[in-house]
Structures are given as C-alpha cells and as structure tokens.
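Asker: Sending over structure-v3.json (JSON, C-alpha atoms and all ligand atoms).
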```json
[["chain", "number", "residue", "atom", "x", "y", "z"],
["A", 28, "MET", "CA", 4.96, 6.57, 15.00],
["A", 29, "ASN", "CA", 3.05, 5.10, 17.94],
["A", 30, "GLU", "CA", 0.16, 7.48, 17.36],
["A", 31, "GLU", "CA", -0.44, 6.08, 13.90],
["A", 32, "LEU", "CA", -0.29, 2.49, 15.10],
["A", 33, "ASP", "CA", -2.84, 3.22, 17.81],
["A", 34, "ILE", "CA", -5.15, 4.83, 15.29],
["A", 35, "ILE", "CA", -4.93, 1.85, 12.98],
["A", 36, "LYS", "CA", -5.67, -0.58, 15.79],
["A", 37, "ASN", "CA", -8.83, 1.34, 16.52],
["A", 38, "PHE", "CA", -10.26, 0.84, 13.07],
["A", 39, "ASN", "CA", -11.42, -2.61, 14.06],
["A", 40, "LEU", "CA", -10.68, -3.90, 10.59],
["A", 41, "LEU", "CA", -10.37, -7.49, 11.65],
["A", 42, "ASN", "CA", -13.97, -7.53, 12.86],
["A", 43, "SER", "CA", -15.11, -6.26, 9.47],
["A", 44, "PHE", "CA", -13.07, -8.88, 7.74],
["A", 45, "ASN", "CA", -14.42, -11.70, 9.88],
["A", 46, "ALA", "CA", -17.93, -10.60, 8.95],
["A", 47, "ALA", "CA", -17.00, -10.82, 5.29],
["A", 48, "ILE", "CA", -15.60, -14.31, 5.71],
["A", 49, "ASN", "CA", -18.80, -15.49, 7.37],
["A", 50, "ASN", "CA", -20.60, -14.73, 4.12],
["A", 51, "VAL", "CA", -18.47, -17.19, 2.23],
["A", 52, "ASP", "CA", -19.75, -20.73, 1.67],
["A", 53, "ALA", "CA", -18.97, -22.60, 4.87],
["A", 54, "ASN", "CA", -17.96, -25.70, 2.93],
["A", 55, "ASN", "CA", -15.10, -23.80, 1.32],
["A", 56, "ASN", "CA", -13.84, -22.08, 4.43],
["A", 57, "LYS", "CA", -11.09, -24.61, 4.98],
["A", 58, "ASN", "CA", -9.48, -23.38, 1.75],
["A", 59, "LEU", "CA", -9.62, -19.73, 2.72],
["A", 60, "ARG", "CA", -6.99, -17.74, 4.57],
["A", 61, "VAL", "CA", -6.69, -14.08, 5.47],
["A", 62, "GLY", "CA", -3.54, -12.00, 5.72],
["A", 63, "LEU", "CA", -2.64, -8.58, 7.06],
["A", 64, "GLY", "CA", -0.08, -6.14, 5.69],
["A", 65, "TYR", "CA", 1.23, -2.82, 6.98],
["A", 66, "ASP", "CA", 3.78, -0.37, 5.63],
["A", 67, "ILE", "CA", 4.96, 3.15, 6.29],
["A", 68, "HIS", "CA", 7.45, 5.35, 4.45],
["A", 69, "LYS", "CA", 8.60, 8.85, 5.21],
["A", 70, "PHE", "CA", 8.67, 11.58, 2.61],
["A", 71, "SER", "CA", 12.00, 12.58, 1.13],
["A", 72, "ASP", "CA", 13.81, 15.09, 3.25],
["A", 73, "LEU", "CA", 12.93, 18.48, 1.79],
["A", 74, "SER", "CA", 13.19, 21.61, 3.90],
["A", 75, "ASP", "CA", 9.88, 23.34, 4.55],
["A", 76, "LEU", "CA", 8.06, 20.45, 3.00],
["A", 77, "SER", "CA", 5.91, 19.86, 6.05],
["A", 78, "SER", "CA", 4.35, 23.28, 5.84],
["A", 79, "ASP", "CA", 3.58, 23.59, 2.17],
["A", 80, "PHE", "CA", 3.63, 21.06, -0.64],
["A", 81, "SER", "CA", 3.36, 23.86, -3.18],
["A", 82, "ILE", "CA", 7.09, 24.37, -2.71],
["A", 83, "LEU", "CA", 7.47, 21.49, -5.13],
["A", 84, "ASN", "CA", 6.13, 23.62, -7.92],
["A", 85, "SER", "CA", 9.38, 25.57, -7.96],
["A", 86, "LYS", "CA", 12.05, 24.40, -10.35],
["A", 87, "SER", "CA", 14.80, 24.27, -7.73],
["A", 88, "SER", "CA", 12.74, 22.05, -5.47],
["A", 89, "LEU", "CA", 11.95, 19.65, -8.26],
["A", 90, "ASN", "CA", 15.64, 19.40, -9.02],
["A", 91, "SER", "CA", 16.39, 18.67, -5.39],
["A", 92, "VAL", "CA", 14.33, 15.51, -5.50],
["A", 93, "ASN", "CA", 15.79, 14.58, -8.85],
["A", 94, "SER", "CA", 12.43, 15.20, -10.53],
["A", 95, "ARG", "CA", 10.99, 12.17, -8.79],
["A", 96, "CYS", "CA", 7.54, 12.31, -7.29],
["A", 97, "LEU", "CA", 5.16, 10.33, -5.14],
["A", 98, "TRP", "CA", 3.95, 6.91, -6.26],
["A", 99, "LEU", "CA", 0.98, 5.60, -4.32],
["A", 100, "LEU", "CA", -1.63, 2.94, -5.18],
["A", 101, "GLY", "CA", 0.19, 2.41, -8.47],
["A", 102, "LEU", "CA", -0.51, 6.02, -9.48],
["A", 103, "LYS", "CA", 1.87, 8.91, -10.02],
["A", 104, "TRP", "CA", 1.13, 12.01, -7.92],
["A", 105, "SER", "CA", 3.12, 14.68, -9.73],
["A", 106, "ASN", "CA", 2.81, 17.51, -7.21],
["A", 107, "TYR", "CA", 4.09, 15.52, -4.26],
["A", 108, "PRO", "CA", 7.60, 14.43, -3.30],
["A", 109, "PRO", "CA", 8.62, 10.77, -3.38],
["A", 110, "LEU", "CA", 8.60, 8.55, -0.35],
["A", 111, "GLU", "CA", 12.02, 7.37, 0.70],
["A", 112, "ALA", "CA", 12.67, 3.77, -0.23],
["A", 113, "HIS", "CA", 14.93, 1.35, -2.04],
["A", 114, "SER", "CA", 11.98, 0.85, -4.38],
["A", 115, "ASP", "CA", 9.51, 3.48, -5.61],
["A", 116, "GLY", "CA", 8.13, 3.64, -2.05],
["A", 117, "ASP", "CA", 4.54, 2.78, -2.93],
["A", 118, "CYS", "CA", 3.57, 1.86, 0.62],
["A", 119, "ALA", "CA", -0.04, 1.08, -0.35],
["A", 120, "ILE", "CA", 1.01, -1.64, -2.78],
["A", 121, "HIS", "CA", 3.66, -2.85, -0.36],
["A", 122, "ALA", "CA", 1.02, -3.34, 2.34],
["A", 123, "LEU", "CA", -1.25, -5.07, -0.17],
["A", 124, "VAL", "CA", 1.54, -7.43, -1.24],
["A", 125, "ASP", "CA", 2.39, -8.27, 2.36],
["A", 126, "ALA", "CA", -1.26, -9.05, 3.08],
["A", 127, "ILE", "CA", -1.48, -11.36, 0.06],
["A", 128, "LEU", "CA", 1.80, -13.11, 0.90],
["A", 129, "SER", "CA", 0.76, -13.54, 4.53],
["A", 130, "ALA", "CA", -2.59, -15.04, 3.57],
["A", 131, "SER", "CA", -0.82, -17.31, 1.10],
["A", 132, "ASN", "CA", 1.80, -18.38, 3.64],
["A", 133, "LEU", "CA", 4.49, -17.34, 1.16],
["A", 134, "GLY", "CA", 6.59, -15.10, 3.38],
["A", 135, "ASP", "CA", 6.69, -11.33, 3.18],
["A", 136, "ILE", "CA", 7.70, -8.50, 0.91],
["A", 137, "GLY", "CA", 11.24, -8.53, 2.27],
["A", 138, "SER", "CA", 11.72, -11.62, 0.12],
["A", 139, "PHE", "CA", 11.22, -9.40, -2.93],
["A", 140, "LEU", "CA", 12.25, -5.89, -1.92],
["A", 141, "GLY", "CA", 15.06, -6.34, 0.58],
["A", 142, "VAL", "CA", 17.83, -3.76, 0.30],
["A", 143, "ASP", "CA", 20.16, -6.63, -0.58],
["A", 144, "LYS", "CA", 18.15, -7.32, -3.75],
["A", 145, "SER", "CA", 20.16, -5.32, -6.28],
["A", 146, "ASN", "CA", 17.70, -5.96, -9.13],
["A", 147, "CYS", "CA", 14.93, -4.29, -7.14],
["A", 148, "GLU", "CA", 16.37, -0.77, -7.01],
["A", 149, "ASN", "CA", 13.61, 1.71, -7.83],
["A", 150, "ILE", "CA", 11.29, -1.18, -8.66],
["A", 151, "SER", "CA", 7.71, -0.01, -9.06],
["A", 152, "GLY", "CA", 4.89, -1.24, -6.88],
["A", 153, "LYS", "CA", 3.04, -2.32, -10.00],
["A", 154, "THR", "CA", 5.93, -4.57, -11.03],
["A", 155, "VAL", "CA", 6.00, -6.15, -7.59],
["A", 156, "LEU", "CA", 2.27, -6.78, -7.78],
["A", 157, "GLN", "CA", 2.66, -8.40, -11.19],
["A", 158, "ARG", "CA", 5.30, -10.73, -9.73],
["A", 159, "ILE", "CA", 2.96, -11.63, -6.89],
["A", 160, "ASN", "CA", 0.25, -12.43, -9.40],
["A", 161, "LYS", "CA", 2.56, -14.94, -11.12],
["A", 162, "LEU", "CA", 3.58, -16.38, -7.76],
["A", 163, "LEU", "CA", -0.05, -17.01, -6.81],
["A", 164, "LYS", "CA", -0.73, -18.82, -10.08],
["A", 165, "LYS", "CA", 2.38, -20.95, -9.64],
["A", 166, "ASN", "CA", 1.17, -21.99, -6.18],
["A", 167, "ASN", "CA", -2.48, -22.57, -7.21],
["A", 168, "ILE", "CA", -3.69, -19.77, -5.01],
["A", 169, "GLU", "CA", -6.50, -17.39, -5.97],
["A", 170, "LEU", "CA", -6.87, -13.93, -4.47],
["A", 171, "VAL", "CA", -10.56, -13.61, -3.55],
["A", 172, "ASN", "CA", -10.44, -9.90, -2.71],
["A", 173, "ALA", "CA", -8.43, -7.36, -0.76],
["A", 174, "GLY", "CA", -8.83, -3.95, 0.82],
["A", 175, "VAL", "CA", -6.15, -1.28, 1.04],
["A", 176, "PHE", "CA", -6.41, 1.52, 3.57],
["A", 177, "VAL", "CA", -4.17, 4.57, 3.18],
["A", 178, "LEU", "CA", -3.49, 6.88, 6.09],
["A", 179, "CYS", "CA", -2.15, 10.26, 4.94],
["A", 180, "GLN", "CA", -2.78, 13.96, 5.32],
["A", 181, "LYS", "CA", -2.19, 14.50, 1.60],
["A", 182, "PRO", "CA", -2.76, 13.73, -1.23],
["A", 183, "ASN", "CA", -6.53, 13.46, -1.44],
["A", 184, "ILE", "CA", -7.04, 9.79, -2.24],
["A", 185, "SER", "CA", -10.79, 9.98, -2.81],
["A", 186, "LYS", "CA", -10.41, 11.92, -6.05],
["A", 187, "ARG", "CA", -8.52, 9.02, -7.65],
["A", 188, "ARG", "CA", -9.90, 6.12, -5.63],
["A", 189, "LYS", "CA", -11.85, 4.52, -8.50],
["A", 190, "THR", "CA", -8.87, 4.84, -10.83],
["A", 191, "ALA", "CA", -6.62, 3.15, -8.29],
["A", 192, "GLU", "CA", -9.12, 0.36, -7.64],
["A", 193, "LYS", "CA", -9.43, -0.36, -11.38],
["A", 194, "LEU", "CA", -5.67, -0.35, -11.89],
["A", 195, "LEU", "CA", -4.84, -2.62, -8.95],
["A", 196, "SER", "CA", -7.74, -4.99, -9.66],
["A", 197, "GLU", "CA", -6.60, -5.44, -13.26],
["A", 198, "ILE", "CA", -3.01, -6.18, -12.27],
["A", 199, "ILE", "CA", -3.86, -8.77, -9.63],
["A", 200, "ASN", "CA", -7.05, -10.15, -11.23],
["A", 201, "ALA", "CA", -9.24, -9.69, -8.16],
["A", 202, "PRO", "CA", -11.44, -6.97, -6.66],
["A", 203, "ILE", "CA", -9.34, -4.47, -4.72],
["A", 204, "SER", "CA", -11.07, -1.80, -2.69],
["A", 205, "VAL", "CA", -9.30, 1.38, -1.64],
["A", 206, "SER", "CA", -10.14, 3.57, 1.34],
["A", 207, "ALA", "CA", -8.29, 6.37, 3.07],
["A", 208, "SER", "CA", -8.28, 8.70, 6.01],
["A", 209, "THR", "CA", -6.25, 11.55, 7.46],
["A", 210, "THR", "CA", -5.08, 11.81, 11.04],
["A", 211, "ASP", "CA", -6.49, 15.33, 11.36],
["A", 212, "GLY", "CA", -2.98, 16.66, 11.73],
["A", 213, "VAL", "CA", -1.96, 14.23, 14.48],
["A", 214, "GLY", "CA", 1.51, 12.71, 14.52],
["A", 215, "GLU", "CA", 4.10, 12.47, 11.79],
["A", 216, "ILE", "CA", 1.55, 11.44, 9.19],
["A", 217, "GLY", "CA", -0.55, 14.47, 10.02],
["A", 218, "GLN", "CA", 2.51, 16.68, 9.62],
["A", 219, "PHE", "CA", 3.13, 15.44, 6.07],
["A", 220, "LYS", "CA", 6.22, 13.53, 7.08],
["A", 221, "ALA", "CA", 5.04, 10.04, 6.22],
["A", 222, "ILE", "CA", 2.31, 7.91, 4.66],
["A", 223, "ALA", "CA", 1.14, 4.59, 6.10],
["A", 224, "SER", "CA", -0.99, 1.84, 4.61],
["A", 225, "LEU", "CA", -2.80, -1.19, 5.91],
["A", 226, "ALA", "CA", -4.20, -4.04, 3.83],
["A", 227, "LEU", "CA", -6.24, -7.18, 4.33],
["A", 228, "ALA", "CA", -6.38, -9.97, 1.78],
["A", 229, "LEU", "CA", -8.46, -13.11, 1.45],
["A", 230, "VAL", "CA", -7.05, -15.97, -0.64],
["A", 231, "LYS", "CA", -8.35, -19.36, -1.65],
["A", 232, "PHE", "CA", -6.17, -22.45, -2.04],
["A", 233, "LEU", "CA", -7.36, -24.24, -5.18],
["B", 301, "ZN", "ZN", 7.46, -0.23, 1.60]]
```
Just dump the structure as structure tokens.
Ligand SMILES: [Zn+2]

Answerer:
Amino acid sequence: MNEELDIIKNFNLLNSFNAAINNVDANNNKNLRVGLGYDIHKFSDLSDLSSDFSILNSKSSLNSVNSRCLWLLGLKWSNYPPLEAHSDGDCAIHALVDAILSASNLGDIGSFLGVDKSNCENISGKTVLQRINKLLKKNNIELVNAGVFVLCQKPNISKRRKTAEKLLSEIINAPISVSASTTDGVGEIGQFKAIASLALALVKFL
C-alpha cells in the first residue's frame, strides 16, 4: 500500500491545519491540540469484485457476503461489499476517532476496537463515535472541529458528503468536514481492493 501512503503524504494536510490553528485566538492556543488518524481496510474477498461492483446486484453474490454491505462515514452503501474488519469496517470513522484520541492524548482506537475486545464484534462506527463523545465529556475536552478525507475509487462520496457531514457532526457535537479523492486507478485502492481514510482533529482542553 506504499503508493497510497505516498499520495496521502503529498496532500500537505498538516500545512492546511497549521493555517487553521493560526486563526484561533492566540491566548487559547495553549489549550489546543491537534491529532492525526489514518486507517485502511480491504474489501471482502469476492471473486471478480475488482472489475465490476454490479456483480453484487446478483442474489448469489449478496448471499456470499452474508447480505452485509459497505459502511463508510456512518452511512450504509447498499450496492457495495463490506470492508473486512472485526467491526463494521468504517475506516473513515476509525480514522476520525484516532485523530480525536490522539489530539486528546487518550490513546488510540485499538483501546476500543482491538480484536481481543469481544463486546466490539461488528460494532458500528457510529457507536464508537458516540463512546468517544462521552469520553471527551468525561475528560473535559471539547472537539473544536475535524476533517475526514476518504481515498477510494468507489463509491462516489460527493453525492452523500453533506449527509455524512450532518450525521457525524450531530453524533460528536462539532463541525466535521468530509472530503474525498480517487487514486485514478493507481494501486490497490484504485483497483477497488481497499479504502483508506485520513483525519485531522483539533481539540480544546477546558
Ligand atoms: Zn478500522
């Protein structure tokens, strides 16, 4: 997956984030911290999947993935196969949670979603985000805002971007912006074999 990592590095996101921080009241900067999160999951192993997602419209194919489908940005994408994971595989929310936890100095998502956590099997990204929201309140930490960047060939994120932003913002009580890009067919992401996400979060210690 080195191609994807190189692409992400080139987005220069940290520079953008530093510019945003400079707009915040300088007197409060000592209470602010940023965090970065990254996640990648591969699609479930379906033959011929890489060439044509329409295969999932057939009954036999749906049965082969146990009628599960893709969950991304807290939304269900019915015509796409699930991402492999112990949880629901929502790599966008996983990256967002890692960014928030990193900024908050509260560890990482492995603390919540490790394969040894039996009560987390098939846990939804939305549920994890709700738990993070409670954790922030308990620790007197406020999420100022966060951005989630999804790197995938399909699905088309832009069509549901506003819906995802509204959903995530309501769960975590802070503005969440969503952006996305393809790799123009490059690498495993470009061949429909995986989806990656990157997130940046800014928190304030109250
Ligand atoms: Zn994940």

Asker: Using all atoms listed in the file, find the one residue out of A:Lys193, A:Lys57, A:Lys220, A:Lys181 that sits nearest to Phe70 (chain A).

Answerer: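 Looking only at the distances to Phe70 (chain A), the closest residue turns out to be A:Lys220.
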
Asker: So which residues are near ligand ZN 301 (chain B), meaning at most 12 Å away with only C-alpha atoms and all ligand atoms counted, given back as a PyMOL selection string?

Answerer: chain A and resi 64-70+98-100+110-125+135-137+139-142+149-152+155+221-225

Asker: Enter the distance from CA of Ala173 (chain A) to CA of Lys231 (chain A), in Å, rounded to one decimal.

Answerer: 12.0 Å

Asker: Determine the nearest neighbour of Ser206 (chain A) from the options A:Asn160, A:Ser71, A:Asn183, A:Ser131, counting all atoms listed in the file.

Answerer: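 The closest residue to Ser206 (chain A) is A:Asn183.
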
Asker: If I take CA of Leu156 (chain A) and CA of Asn200 (chain A), how far is one from the other in Å, to one decimal?

Answerer: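 According to the coordinates, CA of Leu156 (chain A) and CA of Asn200 (chain A) are separated by 10.5 Å.
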
Asker: Please return as a list in words every residue within 10 Å of (-8.3, -7.4, -0.8), taking into account all atoms listed in the file and the file's own coordinates.

Answerer: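 Collected hits near the coordinates: Phe44, Val61, Gly62, Leu63, Leu123, Val124, Ala126, Ile127, Leu170, Val171, Asn172, Ala173, Gly174, Val175, Ser196, Ile199, Ala201, Pro202, Ile203, Ser204, Val205, Ala226, Leu227, Ala228, Leu229 and Val230 of chain A.
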
Asker: Restricting the output to C-alpha atoms, write the selected residues as a PDB file, keeping the file's coordinate frame.

Answerer:
```pdb
ATOM      1  CA  PHE A  44     -13.070  -8.880   7.740  1.00  0.00           C
ATOM      2  CA  VAL A  61      -6.690 -14.080   5.470  1.00  0.00           C
ATOM      3  CA  GLY A  62      -3.540 -12.000   5.720  1.00  0.00           C
ATOM      4  CA  LEU A  63      -2.640  -8.580   7.060  1.00  0.00           C
ATOM      5  CA  LEU A 123      -1.250  -5.070  -0.170  1.00  0.00           C
ATOM      6  CA  VAL A 124       1.540  -7.430  -1.240  1.00  0.00           C
ATOM      7  CA  ALA A 126      -1.260  -9.050   3.080  1.00  0.00           C
ATOM      8  CA  ILE A 127      -1.480 -11.360   0.060  1.00  0.00           C
ATOM      9  CA  LEU A 170      -6.870 -13.930  -4.470  1.00  0.00           C
ATOM     10  CA  VAL A 171     -10.560 -13.610  -3.550  1.00  0.00           C
ATOM     11  CA  ASN A 172     -10.440  -9.900  -2.710  1.00  0.00           C
ATOM     12  CA  ALA A 173      -8.430  -7.360  -0.760  1.00  0.00           C
ATOM     13  CA  GLY A 174      -8.830  -3.950   0.820  1.00  0.00           C
ATOM     14  CA  VAL A 175      -6.150  -1.280   1.040  1.00  0.00           C
ATOM     15  CA  SER A 196      -7.740  -4.990  -9.660  1.00  0.00           C
ATOM     16  CA  ILE A 199      -3.860  -8.770  -9.630  1.00  0.00           C
ATOM     17  CA  ALA A 201      -9.240  -9.690  -8.160  1.00  0.00           C
ATOM     18  CA  PRO A 202     -11.440  -6.970  -6.660  1.00  0.00           C
ATOM     19  CA  ILE A 203      -9.340  -4.470  -4.720  1.00  0.00           C
ATOM     20  CA  SER A 204     -11.070  -1.800  -2.690  1.00  0.00           C
ATOM     21  CA  VAL A 205      -9.300   1.380  -1.640  1.00  0.00           C
ATOM     22  CA  ALA A 226      -4.200  -4.040   3.830  1.00  0.00           C
ATOM     23  CA  LEU A 227      -6.240  -7.180   4.330  1.00  0.00           C
ATOM     24  CA  ALA A 228      -6.380  -9.970   1.780  1.00  0.00           C
ATOM     25  CA  LEU A 229      -8.460 -13.110   1.450  1.00  0.00           C
ATOM     26  CA  VAL A 230      -7.050 -15.970  -0.640  1.00  0.00           C
TER      27      VAL A 230
END
```

Asker: When distances are computed from only C-alpha atoms, which of A:Lys161, A:Lys153, A:Arg60, A:Lys103 shows the smallest separation from Ile184 (chain A)?

Answerer: A:Lys103

Asker: Go ahead and compute the interatomic distance for CA of Ser208 (chain A) and CA of Val177 (chain A), in Å to one decimal.

Answerer: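 A separation of 6.5 Å between them.
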
Asker: Between A:Leu162, A:Leu128, A:Leu133, A:Ile168, which one has atoms that come closest to Phe232 (chain A), using all atoms listed in the file?

Answerer: A:Ile168

Asker: Might I get the box with edges along x, y and z of the file that holds all atoms of region 149-167 of chain A listed there, padded by 3 Å on every side, given as centre and edge lengths in Å to one decimal, as AutoDock Vina command-line options?

Answerer:
```
--center_x 5.6 --center_y -10.4 --center_z -8.7 --size_x 22.1 --size_y 30.3 --size_z 11.0
```

Asker: Please provide as a ChimeraX atom specification all residues within 7 Å of Gly212 (chain A), with the sequence filter that same-chain residues fewer than 3 positions apart are discarded (counting all atoms listed in the file).

Answerer: /A:180,217-218

Asker: Which is closer to Pro109 (chain A) than all the others in A:Asn132, A:Val213, A:Pro182, A:Gln157, using all atoms listed in the file?

Answerer: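 Checking each candidate against Pro109 (chain A), we get A:Pro182 as the closest.
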